[in-house]
Each structure stands twice: as C-alpha cells, then as structure tokens.
Number of protein chains: 6
Amino acid sequence: MSEVAGRMAIQVGATYLEKERGGKGLLLGGVPGTRRGHVVILGGGVVGASAARIAIGMGAQVTVLDVNQERMAYLEDVFGAAIETLYSNPSNIGAAVRQADLIVGAVLVPGAKAPTLIDERLLSHIEDGSVMVDVAVDQGGCISTCKPTTHDNPTYFVDGVVHYCVPNMPGAVPYTSTLALTNVTALYAESICELGVERALQQFPALAKGVNTWDGRCTNQGVAAAIGVPYSAV
Amino acid sequence: MSEVAGRMAIQVGATYLEKERGGKGLLLGGVPGTRRGHVVILGGGVVGASAARIAIGMGAQVTVLDVNQERMAYLEDVFGAAIETLYSNPSNIGAAVRQADLIVGAVLVPGAKAPTLIDERLLSHIEDGSVMVDVAVDQGGCISTCKPTTHDNPTYFVDGVVHYCVPNMPGAVPYTSTLALTNVTALYAESICELGVERALQQFPALAKGVNTWDGRCTNQGVAAAIGVPYSAV
Amino acid sequence: MSEVAGRMAIQVGATYLEKERGGKGLLLGGVPGTRRGHVVILGGGVVGASAARIAIGMGAQVTVLDVNQERMAYLEDVFGAAIETLYSNPSNIGAAVRQADLIVGAVLVPGAKAPTLIDERLLSHIEDGSVMVDVAVDQGGCISTCKPTTHDNPTYFVDGVVHYCVPNMPGAVPYTSTLALTNVTALYAESICELGVERALQQFPALAKGVNTWDGRCTNQGVAAAIGVPYSAV
Amino acid sequence: MSEVAGRMAIQVGATYLEKERGGKGLLLGGVPGTRRGHVVILGGGVVGASAARIAIGMGAQVTVLDVNQERMAYLEDVFGAAIETLYSNPSNIGAAVRQADLIVGAVLVPGAKAPTLIDERLLSHIEDGSVMVDVAVDQGGCISTCKPTTHDNPTYFVDGVVHYCVPNMPGAVPYTSTLALTNVTALYAESICELGVERALQQFPALAKGVNTWDGRCTNQGVAAAIGVPYSAV
Amino acid sequence: MSEVAGRMAIQVGATYLEKERGGKGLLLGGVPGTRRGHVVILGGGVVGASAARIAIGMGAQVTVLDVNQERMAYLEDVFGAAIETLYSNPSNIGAAVRQADLIVGAVLVPGAKAPTLIDERLLSHIEDGSVMVDVAVDQGGCISTCKPTTHDNPTYFVDGVVHYCVPNMPGAVPYTSTLALTNVTALYAESICELGVERALQQFPALAKGVNTWDGRCTNQGVAAAIGVPYSAV
Amino acid sequence: MSEVAGRMAIQVGATYLEKERGGKGLLLGGVPGTRRGHVVILGGGVVGASAARIAIGMGAQVTVLDVNQERMAYLEDVFGAAIETLYSNPSNIGAAVRQADLIVGAVLVPGAKAPTLIDERLLSHIEDGSVMVDVAVDQGGCISTCKPTTHDNPTYFVDGVVHYCVPNMPGAVPYTSTLALTNVTALYAESICELGVERALQQFPALAKGVNTWDGRCTNQGVAAAIGVPYSAV
C-alpha cells in the first residue's frame, strides 16, 4: 500500500497544481525553456522513494529529506543525479520547503504519531498555490495543518496552500490496490484453507498479530485499552 | 504548446483512470507485483514524444505509432528499451488499442483535418474504464467519437470508455503555458518595440504571416474566405 | 554460475528464435516500427535478474514473475520502466506466458525440486515458434515438458514450441565460467595450500560441507544414502 | 534492413564466441568479477549504432570508429559513458582491433566498394577465437579476408579468427525483416494501387529509381552495363 | 575544441570551489545528505552541452539557459530529469545566477563579440566563494568582469567571486586536444599531400578560407584591415 | 567522509592529469573521436563506489576490483554497462593497472593496515604521466610508494607517475565535509545535551567507544599503550 500511496501522492499533487483546482497553474515537470516544479519529499522510505520515482519521471526537481545515511546513499545509487538527498533537520526542512511547489509528507513511524515537521509558522513561508500531500495523515501526519479529508471533498486551503489529506489514497485505484494487497496476503489465506485457522496462526506469527478477538476474549492490547475491555493473549 | 499538451495528456489520463472519476481504478505505473498500464500514443511528433516521456516516467508500458522511420529510430535512441515503436497502420493500431488502458491521440496535420484512426467499431473493442485523450480535438481529432469539451465538464463516456477532449489543455497550467508561449514570441515583441511594426514585419516573415488585417484590408486568405471579404496581400 | 546461466538463457533464446533454428523468425528486440519480443522470466533471483538485464539490453519487453515483494521492488528500482514485475501465481503466469515469445525458467529451490509452473495444458496456448529455456532443468525444472538435452543436440519441439534444456549452459563459455568459478573458490584453494587440508576445513565450515569422504568413511549424508554405505560426520 | 543487420551482428557474434562454435568461450558481457568482451565496431551509421545498442545492452565494452565528428558526438549523447568513439584512422583501428573479442564491419559506402580497413597483416594480431562479422560483405566488405558464406555454413576460420560473412543476415529473422521492409515500402504499394503504375512512378521519384525495365527497354544503367544491353531512361 | 573547453570548464570549476583555492569549500556533487552544487550554464551549444554532461556526471544540479527552443528540447531528450533548461532572458539569468555555485559562460557568437549577460550589478548578488568560468573570454566573453588570465596565474577575485578566465583551456590537456584537432584537420593535411596545395584549396573551400597570405598578397579581409595592407582574393 | 574522499579522488585525479600539473595531458573523459581515460579503482566499498560514480559521470572507462561477489553484482546492477568489475587478485590487478591512466587506492581494512596491492615493480609498468591517488594513505595505503603529503605540496613523482597522497582529502571541501560529519554526529550531540554525558554514554555504546579519558583514567586501550599509561575500562 505504501508504494501505491507514494506514487499517488505525486499524481494527485501534479493535478492539484492545475489552476482550476486551486494550484499555481504549474506543469510539474515544466517544458523546455520554463522552470520545472520543485518537489520536496519528507522521508525516504518506501513511500518517499515511490514518490521520488514518479516525480523524477514527470521531470520535476526532487529533494528527499531523511536521517538514514544508508538509505539516502541507496536512493542516490538508484536515481543518480536526478535526485538530491538532504539530512532531515529543521534548517534543511525550512530551506527546502520555502522553495517547494509540491510537498509530500512521507514520514511513517510504526505504531507512533509521526513528528510534526511543518508547522503553521513554516507554512506561512510557502508560496500561494503550492500543494501539500500528507500520506500519513491518518497516523497524525507530519504537517500540523493537515486534517483528514475525503475523496468527495479532498482539499482545503490554509494560508493559500492547497492541502490534500485523504487518508485512503489507494482507494482511488482499487484495481491496483486490491492486487497489491492480495499479493502479500494470499499466502495467509491459502494457509488458513489448508491448515485451518488455529494451525495457520501457529505457523505464521505475523498472522497471529492480526487477531483482535479469540474465543470471546479481546487479544489485541491496543484495542482492549481503547474500548475498555480486559486484554488476553491469544 | 505541443509540449505542454503532450505532458498534460498523460497527467490527465492517469487521473481519469482513477475509479471515482470513471476509470478502471488502475494506477498508471502499477506497483511491484501488479500489472502496469499500457499507454498507446498515436503519433510520435513533439506532442507524442512529450507524452511518451511522462508515461515512461510514471512507469507505464508505452507504445508509440508513427509512419516516420527516422522519428521512430530517434525515439528508441532516446528512450531505449522503455518504449516500443510501431508503424502506424490499421492492423497495428487495432492490435495496440485493444490492449490499451490509456490512448493519446497526438496526430497533428498542419492546416488539415487529422485522419480518423479510431472509429466506433474499434472503440467497441476497448476495455471499459479505459481513457482516451485526443490532443488535437480542436483540429478535428483522430478519434471519431471525440467532441470538444470544457475544463468545467471535461469528460463523457462512449461505450464505457472515458473521453477527455478539452481543446485548450495548456489552459490548466497557465503559469507554465504563458512562459512557454512568451519564450517563442518575446523576440517578435522586442523587434516591434525596437523597429516599429512595419520594419519588424519586413524583417521577420514568420511574424508577417500572423497579420490578419492591415490598413483596413483583410490580409489573411483563410479569414477573408471565412467571413466573405476581399483578400489582399500585406 | 547463476549469473552466467541467466545471461546465456537470453543469448540462446534469441538465437533459437531465428527461423532456421526452428523459431518464429523474430528479432528479440525488434527494430523501430516493428513489434519487439516479449520475454517472460519465471523467478527474479540472481538467474532471473541476470536474464532480465540482457533481455532489456537487447530491447525486449520484459516481465519477471516472483513472490518476493522486496526483490520485485529492487528490480524496479534498478531497471526502472524497462521491466514489469508480476506476483507469481497461476493467473499471472498463464496470462504472461500466452503472450510470450521467449520464456525463461529461473526458479531454483535449493535442495528441492522446483515447482512445476508451466504444464502441457498451458503449453498448448503458447504460439508456435516461441522458445522456452529452463535454466534449472537439472534440478527438475519448472516446465513439465523440459527434459535435459546436450550441447550437441540442444533443442526439441513440443507442441510447436522450441525447448532448449541443456543443463550445463555455462559450459558453452568456459573462459568466463572458469573465471567466475575460480573467483569464489580461490580463497579455499589458497587456505588449503597455506594451512593444510585439516586446518582449512576447520576454519571454513563452508569448505567442510564439500567433503564427501574422509579417512575411509563417507561423510556426506546424501551420498551415503544414495550408494548404501554408512554415514559418518567429518 | 540496416537496423536488423546491425542488431543481428552482435547476436550472431555473441553466439560464435561460444566454445563449441569455435570462439574463445567468452560470455560477451561477462559476469561480475570477470572481464567482459570488447566489441569494436567499424562505422557509426545506422548499422553501427544498432550494433552498439545491443552490444552495450549485453554488457560489453564498446568502441565505435567513424570519421564523422557530429555522428560520434550524437552517439555519445545517446549512449553516454557506455560507449567510446574513436576517429577512424589506421592507428586507431589497429590499436582497437588488437584488443577486440568481436569486430563488426559496418562501413557502407552507397554505390561503392567499402574501403578495406582490416587486412591480413592486422588480422594476425587478433587473438585466436575472436569473431569478425562483416555486415557489408555483399558490397565487398571492409575486411579483406571476408568472403560471402551461407546460413547453412556461415563461418570459417582464417588465422584462428572466426569469420561470419552471411550477406543476408536479416533472412534469419523473416518475421521482423518482412515487417521492417513493408513499413518502408507500403506507401509505394498503396500508391500503385490507387494511382496505377505510371502515375505512381511520376509522383514518387524514389520509386522510379527502382524500375529496371520498362516497355521492353532496360532502364537501369548499372544493369544495362552488366548484361550488355542498351540503356534507356524511363 | 569546444567539447574540450566545455568539459574542462566543469573540471576546473569543481577544483576552484575547493577552499584552499579560494572557493567556498563545496564538493560539486555533494554527498548523500548534503546539498549539492548548482551549476548554471549560459548557452546550450556544443560547449554548454559538454559542460552539462560533466556537471550532471559529477552529481550537480544543472540549469542551462538558451534561446533556441529545439536545442533545449534536445538537451532534455538526452539528459532527462537531470537537467533544467530555461529561456535565456535577463529575468531568468538573474534568478538562476543568484543561486549558482558555479557559472559557466558558454555563449559563442561566431565572428562577433558575445553579449554581456552578467554585469557587475548582478555579480554583487552572487555568493562569495562561487566560481565563474568564461569559456569565450578571448572573444570578449559574456561576463563583464572577465579578463583573460594565464595557466600560471589563472584566477582572480571580484566581489568575492573566483574568476577563471584562461582563454586557452584545452592547452591544459594537450594529449586530448591535439587528437581532437587532428581528427578534424587530418583530411586537409592528407589532401595537401596528395594533391598539392593549389588543387587542395580548390577542392576544399573550407581550407581556402584559412589562407591568410598567397603569393605575397594578403588574402584575409580581417587581417588585411587589422594590419593595414591591401586585401586581395585568393 | 568516505563518500567525500571517493568523489574527491576522481576530481583530484582528473586535475593532476593536466599537463602543467605533471600529468599526461589527458582529459579524463576524452571527447568524441579521442580515447578516454581508463580509471582503475582498487576496492568497491563506499569509497570505491563513490569514485566510480564520478569517474563514470566524467566519461571515463572504469574498472573496479574487489573480492566481494555480492558487492560487485550490486555495482553492476546500479551502474550497468558503464562499469567493469574484476576479482581482485595479482593477475587482474597487474593487467588493469598497466592500462590505467588514473589509479585510486580505495582499500580500507578497519583497524588494520591495508594490504599492498601495487609495489614498485608493478609501478614501473605504469605509463609516465599517469596519476595515483591513495585514499587510505593515512592507514598505510595499498600502494607501496605512497607516503602522506599535504594540501600545500600534495604531489610527488616516482618512476614518472604522479602520486597524490594527502591524507585529509575532505579538508579541501570543508563546507560539504562539515555537513556530512554533522549529519552522522548530530544525534550524539543532541543526546548529550538532553541526557548529560553519563547517560548518553550508557544509551549509545557507539558514543562510549569514542571516550579516551574518564575521571583521570585512560579508557582507550590503543592510546594507553601508545603513551605508556595504564588502561582502564570506562
């Protein structure tokens, strides 16, 4: 799903840079003789790398910020001179974001709220008609002004900047998303058919982690805490 | 403008492949492990090459059909194994179009109606939810079911296939389009300022071709015929 | 050796697509204006990636099927839009193989028979004059109609499809194969010279795994079972 | 046809570098850790560039010799650091050929015998088991020891070097060659159908050049001279 | 020579960005996690394209300014997303130059003084420790503060910016420059040997243009004017 | 720092190939029609890969020698046909070095002296005016004739070959080097500020390894031995 979301983020961002959708009327990759858009991607994991690939492919100038030195080296190995990587700190984020036409929030901290990397003060320095897409908005997001929206009404404006914050971006391309999801879950479905639920759970610990209730007991610690019932291990 | 239109055609096509916009819900470039979209581009001139560049960049499988052998060789030189070129004849068009997810009409015949390359019979073989973008719709287009639409209401369906036929596609990205247009006209504007209109027209025959009326006379043959006034050379 | 075999598979496959060798007379990469060959590679490990590299280099359309999501993402990172990766399941294999001109079996399961991915029923849907190369034929192969052949008589036909099933493909390029083999074994030879056999075996467990007899005893479990003598640990 | 021949030259050359076919047993592109083959291409026109593309794609080290400065610059633009271009003079040819594993003669002088670039003395410096493919052997070729052979018996040895000199290389891939030929001749066939032969000849001077006899007279100067009949203009 | 000079311009520029040579201590291509240098190239002809190739290869961010739309499109075809092209006008030059770490003047107007594109006022906006290389300094250059220097003392500072203005840059790499020069002049030398001077001049008009004196008369109009002797045609 | 040093090695090497700096006057990447330089890199780790990237980018022919098969495969994945990898043994080193114009020593054995790969006898076979840069000269280096030099007097000649052996190459580009260093140390500085020294050392064992004295005791075994004081664990 991360790969779908990362690629969609650029496709959506390019679309909302169009004038009638509220953007500054910039073609993301420009054409020969005109300036091209600058895409700033916060986070160089799977989401960020997928976004970078499409942004480069559409001809944009691309900057990825991350703190993982090996990951940044890998991205430069793979994308060569078409990408710039910067250590993610407030100074670099500030400088990059001020020149950005499209900003993608791609910071995912598993099981935790993403840190806020862009706040309202920094937002005020972003040019009107720029676009921000926060891929992790449903986990808190890394842009303080991002609040979840829907496919029906996907964008709103803060300080002149287009905010696109649909949590379920892959839902727009169900053909691809369903296949992608099935590719990684098919093994578990097969094992349940062949082994039955209990033995499948024993054989695949990863599958067991997805069990929320079992035999009338709540087996997911987070869910138990959230709805106020006792937790019990599988 | 051709370069803007060609690049926009893929951006728009990818967007209308989204499910809620009527498309088949396919992410144009797919993700690892899922099939990617097949883009068929009719015509390998500036529009077609610009479209091909973005389609390749978004990760699609790309086929360009043209009749100019040297042009096709150049496209393969520049894009390498990421593109397939096919001689444009009814057999190849038919085979390619039947497998296409996104079809771009990029055939421009200066001063003439583009030939019809896709008719209603062939259309019936295209999968539902596929998208057709005819860049040359205002010059007649090369797809028989394409009729001009507007940015407000850009698409309609024929036989389950999304038709996007906005004649003024560059109008969606005025920042880029204005610069692109100015880049090629600035020289003339400067020469008029420096030389005055008459000497500028003498010096630049290309500029003189753009004069429609002069000293009360109609100096454009086509316009004269269209509105029924006598034509007179500049 | 896997890298030699993978690269040879495409070189051999392109050659047997020539008409006088029984193929359909297709140039693997085509030329501008003609369709190019479609290469389907079953398995994206070292053999499959090596095959993909050469197939892309010769200008073919390339599809690789695998079940490892990370491996497929790596292949797309490295080869970009020139490759398509698909999750390896019967549905995707069936669809890909029906459109293939050259099929490479590159599925290796260490110490086990490769699963059968193409059976006679699927074979009947492959176009006459297509070519199949099963790199793992000596480990059972993944194509049911593949049986080992020799460099002297390397191919045969089943259902109109050329089968190339020489188990020892690297044997055709001994200059390269010997160097490749020596590169990974030289360390062991040096250690035996310097340390003597016993200490070398102690220092390099990987080397010890290659010992079949020692001091009159059979020290390889598989060999012992196969020839009916008692097994004894080194 | 030039594009087919250029690409075939590398495919054939790689195959005849195999040991059992008389070559030195070298895999053209090598594998990581072993040296790769060095391909020297005499002439950087359509044949040479097509050969270069495939040779690079197969992982070889590629040197192209030509005298046209603009053409060499274009090849470096398109192929980047993967190619070396050298001015074609006896000194450079000698140095390059002595280090070559595969030599492709791709010098075509329309209507004239190609100059001899490799003679027997230079041949003696080429390593045994190397391969030479002279694409223009039917127009005299540029390698003095090349004499036309056939698909049935395509190679012979001189001084330990494999000579592949089949004049009709595209004949091995008739599917591709027929399409390639048809793509450039279809227009003429159509015009003859629509206009009749006489008017078609008037409209297309290129077509008229192909007429050898007309109304009982020989209309091709070369043919007339060769068979000793009077020549008469169309 | 233009190709040598363009490539040298980047090599020299990268070197003078080193701290002990007066530059700002920036590695032109940066490393993963640090910002890379921005190279602005004025002019996209042979010099500019050669400079762009090396700058991209060293990992810099590259902007080329030119007025020729077709040339800019070609550069984007060849270099893809690794280059940005901008129409060369005062506004774009000003914006690009203010952000540049390395500026290359590559504007050559045959037989005329290059226009001044960077004057002292614009220079004052360039960051200290940046480097300017004016390839055409011996034809007047396009940077007003550039005056010819020598290989012994190649640089000086104006307003904190390193100026490298050696007219004969190819002189630093005589091995390459001599070969490059010989490649384009060898034909004339051969023709003089074979035909004698007079017939060679007749056959090659380009050669005749290089004759300054003949039979005691001055045959070069510019030279005649410059030294005050009568001019006489060859 | 390894990435800075690797990239600097090629920049410096290209510069010292210039004639007035003692080199053979060769432009590293050549120009179309002239031979390009051959760069031989001993070691394919981070230093070697960084050097390879820039050498390829400048248009050179690049050979990397290493003993790690997976690393060499990765380099070919990433750099494709623009690089050759060879197993590092005396035979391959000898053959490669004899043809080299620029040799980069990039062999780093953590905590140990690098092995000597080029001795005086092999040096005598290297062409005059070639350049050697030993990145690991401060750890003993892998070229026997390399002795540390300074930025003020960076080179000397042995047997006609330019030796560049400045241990602190990144010192030439302090802007980039400081950022690169800070990117990997900032985390520790922050933790000391937040936690105090003691708790920071407890939390980050890597940080503790850098402590040389603590509470009046010497806590670094090597330093203790070197200056003759008792060693005591932190």
# chains A, B, ... in the order shown; residues from 1 in each chain; ligands from 1
call {"tool": "closest_atom_pairs", "arguments": {"of": "range 58-118 of chain D", "to": "range 77-83 of chain E", "cutoff": "10 Å", "atoms": "only C-alpha atoms", "output": "JSON lines"}}
result
{"residue": "D:Tyr74", "atom": "CA", "partner": "E:Val78", "partner_atom": "CA", "distance": 9.6}
{"residue": "D:Glu76", "atom": "CA", "partner": "E:Val78", "partner_atom": "CA", "distance": 10.0}
{"residue": "D:Asp77", "atom": "CA", "partner": "E:Val78", "partner_atom": "CA", "distance": 6.3}
{"residue": "D:Val78", "atom": "CA", "partner": "E:Val78", "partner_atom": "CA", "distance": 6.2}
{"residue": "D:Phe79", "atom": "CA", "partner": "E:Val78", "partner_atom": "CA", "distance": 9.2}
{"residue": "D:Gly80", "atom": "CA", "partner": "E:Val78", "partner_atom": "CA", "distance": 9.3}
call {"tool": "write_last_selection", "arguments": {"atoms": "all heavy atoms", "output": "compact mmCIF listing (two decimals), in the first residue's frame"}}
result
# COMPACT_ATOMS: atom_id res chain seq x y z
N TYR D 74 26.81 12.59 -31.39
CA TYR D 74 25.44 12.11 -31.17
C TYR D 74 25.44 10.77 -30.45
O TYR D 74 24.67 10.55 -29.51
CB TYR D 74 24.69 12.00 -32.51
CG TYR D 74 23.30 11.43 -32.38
CD1 TYR D 74 22.26 12.19 -31.86
CD2 TYR D 74 23.02 10.11 -32.74
CE1 TYR D 74 20.98 11.66 -31.73
CE2 TYR D 74 21.75 9.57 -32.60
CZ TYR D 74 20.74 10.35 -32.10
OH TYR D 74 19.47 9.82 -31.96
N GLU D 76 27.64 9.62 -28.41
CA GLU D 76 27.98 9.82 -27.00
C GLU D 76 26.83 10.49 -26.25
O GLU D 76 26.60 10.20 -25.08
CB GLU D 76 29.29 10.62 -26.87
CG GLU D 76 30.50 9.84 -27.41
CD GLU D 76 31.82 10.23 -26.74
OE1 GLU D 76 31.83 11.14 -25.88
OE2 GLU D 76 32.85 9.63 -27.08
N ASP D 77 26.10 11.38 -26.93
CA ASP D 77 24.91 11.97 -26.29
C ASP D 77 23.94 10.87 -25.89
O ASP D 77 23.39 10.87 -24.79
CB ASP D 77 24.19 12.91 -27.27
CG ASP D 77 24.80 14.31 -27.28
OD1 ASP D 77 25.72 14.56 -26.50
OD2 ASP D 77 24.36 15.13 -28.10
N VAL D 78 23.72 9.94 -26.80
CA VAL D 78 22.67 8.95 -26.61
C VAL D 78 23.12 7.80 -25.71
O VAL D 78 22.35 7.31 -24.88
CB VAL D 78 22.21 8.42 -27.99
CG1 VAL D 78 21.42 7.14 -27.84
CG2 VAL D 78 21.37 9.48 -28.69
N PHE D 79 24.36 7.38 -25.85
CA PHE D 79 24.81 6.20 -25.10
C PHE D 79 25.65 6.56 -23.87
O PHE D 79 25.97 5.70 -23.06
CB PHE D 79 25.57 5.23 -26.00
CG PHE D 79 24.74 4.61 -27.08
CD1 PHE D 79 25.04 4.79 -28.42
CD2 PHE D 79 23.63 3.85 -26.74
CE1 PHE D 79 24.26 4.22 -29.42
CE2 PHE D 79 22.84 3.27 -27.74
CZ PHE D 79 23.16 3.46 -29.08
N GLY D 80 26.04 7.80 -23.71
CA GLY D 80 26.77 8.24 -22.52
C GLY D 80 28.07 7.51 -22.32
O GLY D 80 28.79 7.19 -23.29
call {"tool": "interface_residues", "arguments": {"of": "chain C", "to": "chain D", "cutoff": "10 Å", "atoms": "only C-alpha atoms", "output": "MDAnalysis selection string"}}
result
chainID C and resid 1:4 7:8 10:12 14:15 17:21 23:37 50 53:59 151:152 170:184
call {"tool": "select_by_dssp", "arguments": {"residues": "range 28-228 of chain B", "states": "alpha helix (DSSP H)", "output": "number ranges by chain"}}
result
B: 46-57, 69-79, 90-98, 120-123, 174-195, 197-203, 205-208, 221-227
call {"tool": "atom_distance", "arguments": {"atom1": "CA of Tyr164 in chain C", "atom2": "CA of Arg71 in chain C"}}
result
26.9 Å
call {"tool": "residues_around", "arguments": {"residues": "His38 in chain C", "least_positions_apart": "5", "cutoff": "6 Å", "atoms": "only C-alpha atoms", "output": "ChimeraX atom specification"}}
result
/C:60-62,100-101
call {"tool": "write_last_selection", "arguments": {"atoms": "C-alpha atoms", "output": "CSV table (one decimal), in the first residue's frame"}}
result
chain,number,residue,atom,x,y,z
C,60,ALA,CA,12.8,-6.8,-25.5
C,61,GLN,CA,9.7,-6.2,-23.5
C,62,VAL,CA,10.4,-8.0,-20.1
C,100,ALA,CA,5.5,-14.7,-24.6
C,101,ASP,CA,8.0,-15.2,-27.4
call {"tool": "residues_around", "arguments": {"residues": "Pro154 in chain E", "least_positions_apart": "3", "cutoff": "9 Å", "atoms": "only C-alpha atoms", "output": "short mmCIF file (atom, residue, chain, number, x, y, z; two decimals) with C-alpha atoms, in the first residue's frame"}}
result
data_model
loop_
_atom_site.label_atom_id
_atom_site.label_comp_id
_atom_site.auth_asym_id
_atom_site.auth_seq_id
_atom_site.Cartn_x
_atom_site.Cartn_y
_atom_site.Cartn_z
CA PRO E 148 41.95 36.88 -19.90
CA THR E 149 44.33 35.19 -17.46
CA THR E 150 47.05 32.56 -17.93
CA HIS E 151 47.60 28.94 -16.87
CA HIS E 163 37.07 34.31 -11.85
CA TYR E 164 38.78 31.67 -14.02
CA CYS E 165 39.40 33.17 -17.45
CA VAL E 166 42.17 31.25 -19.21
#
call {"tool": "atom_distance", "arguments": {"atom1": "CA of Val39 in chain D", "atom2": "CA of Thr63 in chain D"}}
result
6.3 Å
call {"tool": "atom_distance", "arguments": {"atom1": "CA of Cys146 in chain D", "atom2": "CA of Met132 in chain D"}}
result
8.7 Å
call {"tool": "closest_residue", "arguments": {"among": "B:Gln202, B:Leu187, B:Cys218, B:Asn168", "to": "Asn68 in chain E", "atoms": "only C-alpha atoms"}}
result
B:Leu187
call {"tool": "select_by_dssp", "arguments": {"residues": "range 25-220 of chain A", "states": "strand (DSSP E or B)", "output": "MDAnalysis selection string"}}
result
chainID A and resid 33 38:42 61:66 83:87 102:105 118 131:134 143 155:158 161:164 213:214 217:218
call {"tool": "write_last_selection", "arguments": {"atoms": "C-alpha atoms", "output": "compact mmCIF listing (two decimals), in the first residue's frame"}}
result
# COMPACT_ATOMS: atom_id res chain seq x y z
CA GLY A 33 12.71 26.66 -21.54
CA HIS A 38 10.37 21.52 -7.10
CA VAL A 39 9.09 18.51 -5.18
CA VAL A 40 10.17 18.16 -1.56
CA ILE A 41 9.59 14.74 0.00
CA LEU A 42 9.82 14.36 3.78
CA GLN A 61 13.38 18.74 -9.43
CA VAL A 62 13.32 16.38 -6.46
CA THR A 63 14.69 16.71 -2.92
CA VAL A 64 14.26 13.93 -0.35
CA LEU A 65 14.94 14.53 3.35
CA ASP A 66 15.75 11.66 5.70
CA ILE A 83 17.70 13.44 -7.01
CA GLU A 84 19.10 15.43 -4.11
CA THR A 85 19.07 13.97 -0.61
CA LEU A 86 19.32 16.16 2.49
CA TYR A 87 19.65 15.29 6.16
CA LEU A 102 4.76 20.29 -4.04
CA ILE A 103 5.46 18.88 -0.58
CA VAL A 104 4.86 15.23 0.27
CA GLY A 105 4.72 14.12 3.89
CA ILE A 118 6.00 21.58 9.14
CA VAL A 131 0.34 21.83 -2.82
CA MET A 132 0.88 19.67 0.28
CA VAL A 133 0.01 15.96 0.38
CA ASP A 134 0.37 14.22 3.74
CA ILE A 143 2.25 18.61 8.82
CA THR A 155 -8.74 19.54 -0.47
CA TYR A 156 -8.91 22.74 1.55
CA PHE A 157 -6.70 25.82 1.81
CA VAL A 158 -4.61 27.12 4.69
CA VAL A 161 -1.61 26.44 0.22
CA VAL A 162 -3.64 23.51 -1.14
CA HIS A 163 -3.92 20.71 1.45
CA TYR A 164 -4.74 17.23 0.12
CA THR A 213 -10.71 -11.32 19.35
CA TRP A 214 -10.49 -15.04 20.07
CA ARG A 217 -11.66 -12.56 24.58
CA CYS A 218 -10.00 -9.41 23.26
